Amino acid sequence: MRLRSLGLALFLTTASPVVLPGSAPVAVAQQKQNISLEDIWQKGTFSARSVPGFNWMKDGRFYSSLSKGDLVQNDVTTGQPVQTLVAGQDLKLPGQTQPLQVDGYSFNADESSILFSTDTEPIYRRSSKSYFFVYDRASKKLTPLSAGGKQLYATFSPDGKRVAFVRDNNLYVTDLATMRETAVTTDGVLNKIINGGTDWVYEEEFSFAQGFQWSPDSRYVAYYTFDESQVPEYNMQEWGELYPKDYRYKYPKAGEKNSIVSISAYDVAAGKSAKMDVGTETDQYIPRILWTQTADLLSIQRLNRLQNKLEILHANAKTGQSSVVLTDTDKAYVDITDDVRYLAGGKEFLFTSEKDGYRHLYLYDMKGKPVRQITKGSWEITEINGFDEKKSLVYFTSTEGSPLQRHLYRIDLKGKGKTRLSEAGRGTDMVNLSPDTRYYLNYHSEAAVPAVVSLRSGQDGKLVKVLEDNAKLREKLGQYNLATPEFFTFKTSEGVELNGQMLKPTNFDATKKYPVLMHVYGGPGSQTNADSWGGTNYLWHQMLTENGYIVVIVDGRGTGARGAAFKKVTYANLGKLETIDQGEGAKYLGTLPYVDKSRIGIWGWSFGGYMTTLALTKNADLFKMGIAVAPVTNWRYYDTVYTERFLKTPQENPQGYDDNSPVQHADKLKGKLLLVHGTGDDNVHFQNSVSFVDAMVKNNKDFQTLYYPNRNHGIYGGNTRLHLYRQMTDFVLKNL
């Protein structure tokens with residue numbers, strides 16, 4: 001779930017707030033401006049700048065970007081243009097007076113040809129379709145990729161001679177020398193068979209939409225086929241016309257049938273496909289495929305439906321024969337990552353696992369025999385950023401400094417020479433490493449400080465150049481009446497230490513009593529309380545402090561960055577411990593002399609909306625009000641992959657679904673509730689809010705609802721966010 005989760009005793013310990021260093025001193029309140037909703041959602045007053053359109057080129061000294069219609073090459077060390085790769089005026093089709101309006105582009109391996117996309121239509125979170133054009137830099141010739149309609153996922157072969165793409169659920173390959181288009185598959189049918197792409201639940205929960213990959217030698221295209229004919233359809237109405245339109249798509253709710261997934265390899269020269277052997281079980285997942293460094297050898301990840309057993313298979317692309325080389329199991333579930341890396345020479349591969357209690361890096365030979373554990377410690381690897389083949393160095397981001405932070409490290413394959421490349425200090429580093437590891441872009445932010453984008457050496461992390469310091473935004477923020485974030489920890493009545501963050505009004509008076517609004521997400525592996533720039537929600541929370549509220553975030557059990565045990569303790573009882581911990585947070589806050597414990601509220605979006613509805617029902621005496629945006633209210637309504645990963649199936653674990661469904665606890669509601677949902681939410685269906693409303697009506701409970709026609713899970717577009725946050729602000733002011 002990417003949403004873009006009855007305390008009985010009082011706390012026995014107190015927390016020690018820590019004021020974050022490096023924040024600007026607070027001036028007299030009268031000298032500062034107050035934040036408005038228009039500043040956040042309409043005027044762009046606090047928009048952070050980044051380094052737009054940055055795409056590494058094969059020589060790590062350069063990157064490409066679009067500038068005023070031209071595609072230009074830039075020097076990474078100066079950020080200045082070196083040459084124009086493609087002039088915008090050269091992107092005119094015969095008979096046209098205006099060049100293409102380019103949405104995106106990609107190079108072939110030697111950067112002699114470019115695929116440009118235009119007129120792009122988004123589909124779901126990661127999918128879109130466009131018109132693609134092939135541009136030859138030498139001849140300056142621009143050629144439509146296909147005349148058969150918009151295409152998806154157009155991708156050059158490694159040798160640059162062909163392009164594969166998907167249209168109307170079928171996979172195609174175009175020979176660029178002749179522009180001859182070959183249909184690899186012909187059986188694709190809407191809502192039945194998908195070739196070369198993924199179904200809705202794979203795109204949402206396994207985080208990819210392109211379902212094909214070229215082999216390194218360009219001989220094969222490995223591709224997915226989804227038979228979703230038995231997957232139940234979900235129907236949404238699209239409002240606006242005299243008669244609303246039906247929008248139907250395949251959505252497997254928990255316990256229902258999934259797509260049957262197969263993997264094939266298409267031999268381009270022979271013009272035929274071979275199906276890979278992924279076993280006789282069809283009720284399973286294939287969350288990843290990856291070509292190895294060995295010709296004709298495809299790596300396939302196979303995951304059982306309960307998602308507690310992950311196997312890596314090696315399959316012969318010509319014959320389809322496969323064998324299991326590695327198995328990773330867990331009593332709860334195994335998370336899917338993109339951390340598998342096959343090393344040059346075809347003898348070893350890297351893999352991350354939580355088998356020692358934290359996600360760490362392991363080296364295996366090609367038969368799956370362990371060579372060594374490369375990283376160890378009571379901290380997590382959160383991302384593998386790159387690999388230096390020549391020096392056998394792995395670059396990774398981890399929580400070694402603090403669960404609240406992220407920093408870049410490097411280590412060799414023997415587990416020696418681990419080096420922190422991030423500068424000493426706090427904050428969060430997001431890294432974009434060049435393919436040759438010579439340089440990396442570092443996006444460094446802190447809880448009260450927007451990102452500084454810098455170019456740094458991949459060898460020692462030293463600063464080469466600051467590319468964007470957001471100085472104007474920092475100056476602008478200094479003109480406003482902003483509170484300083486404080487991190488704190490406390491122990492619950494069960495002895496569990498939890499991390500929190502607090503914003504107090506700048507004119508805070510410890511002798512007064514303040515209302516508190518808690519913000520929660522809480523889903524498995526998530527993290528809301530972090531030492532990083534908080535964006536728009538952070539600014540809205542700042543606006544609330546100007547109105548006399550304290551805003552608090554508590555990450556309870558089930559959240560990430562603190563090891564597998566802390567994260568997976570909520571398994572099979574999603575919502576139970578998480579709700580207890582938010583209640584314990586409210587109880588702790590109620591012990592503070594400056595908190596009015598009768599005026600504590602809570603709000604959240606998606607899983608956070610689910611947590612809000614549970615808090616207002618199962619912890620009804622602790623919370624005066626809540627705002628639940630796009631909440632899950634019954635996990636039976638949510639998709640198979642996400643829900644069953646944490647709850648098993650409804651057939652196997654009915655109590656896990658029902659005991660912590662807000663629908664089952666609607667009779668306990670006491671506080672004021674604002675329930676918000678978009679009617680076009682393809683992710684967390686509007687059905688969730690309808691069901692909860694029905695339960696509250698049956699129990700004669702008062703509440704307020706706010707629905708947004710045709711808006712999806714993000715509830716945005718035009719004035720939508722401004723309108724939404726105005727309603728939310730008014731609800732807080734009137735009810736807390």
# chains A, B, ... in the order shown; residues from 1 in each chain; ligands from 1

call {"tool": "closest_atom_pairs", "arguments": {"of": "stretch 274-392 of chain A", "to": "stretch 458-478 of chain A", "cutoff": "12 Å", "atoms": "only C-alpha atoms", "output": "tab-separated table"}}
result
residue	atom	partner	partner_atom	distance
A:Asn385	CA	A:Gly458	CA	11.1
A:Gly386	CA	A:Gly458	CA	10.2
A:Phe387	CA	A:Gly458	CA	10.7
A:Asp388	CA	A:Gly458	CA	9.8
A:Lys391	CA	A:Gln459	CA	10.8

call {"tool": "residues_around", "arguments": {"residues": "A:Ile193", "least_positions_apart": "2", "cutoff": "12 Å", "atoms": "only C-alpha atoms", "output": "list in words"}}
result
Asp168, Asn169, Asn170, Leu171, Thr185, Thr186, Asp187, Gly188, Val189, Leu190, Asn191, Asn195, Gly196, Gly197, Thr198, Asp199, Tyr224, Thr225, Phe226, Asp227, Glu228, Ser229, Gln230, Val231, Lys250, Ser259, Ile260, Val261 and Ser262 of chain A

call {"tool": "residues_around", "arguments": {"residues": "A:Gln33", "least_positions_apart": "6", "cutoff": "7 Å", "atoms": "only C-alpha atoms", "output": "list of chain:residue names"}}
result
A:Gln479, A:Tyr480, A:Asn481

call {"tool": "select_by_dssp", "arguments": {"residues": "stretch 490-704 of chain A", "states": "helix (DSSP H, G or I)", "output": "count of residues only"}}
result
80

call {"tool": "select_by_dssp", "arguments": {"residues": "stretch 427-570 of chain A", "states": "strand (DSSP E)", "output": "ChimeraX atom specification"}}
result
/A:428-433,439-446,449-457,463-468,486-491,497-503,514-519,550-555

call {"tool": "residues_around", "arguments": {"residues": "A:Asp436", "least_positions_apart": "6", "cutoff": "8 Å", "atoms": "only C-alpha atoms", "output": "VMD selection string"}}
result
chain A and resid 58 to 60 388

call {"tool": "write_last_selection", "arguments": {"atoms": "C-alpha atoms", "output": "tab-separated table (two decimals), in the first residue's frame"}}
result
chain	number	residue	atom	x	y	z
A	58	LYS	CA	27.15	7.14	-19.93
A	59	ASP	CA	30.19	9.27	-19.11
A	60	GLY	CA	29.56	10.20	-15.50
A	388	ASP	CA	31.65	-0.19	-8.55
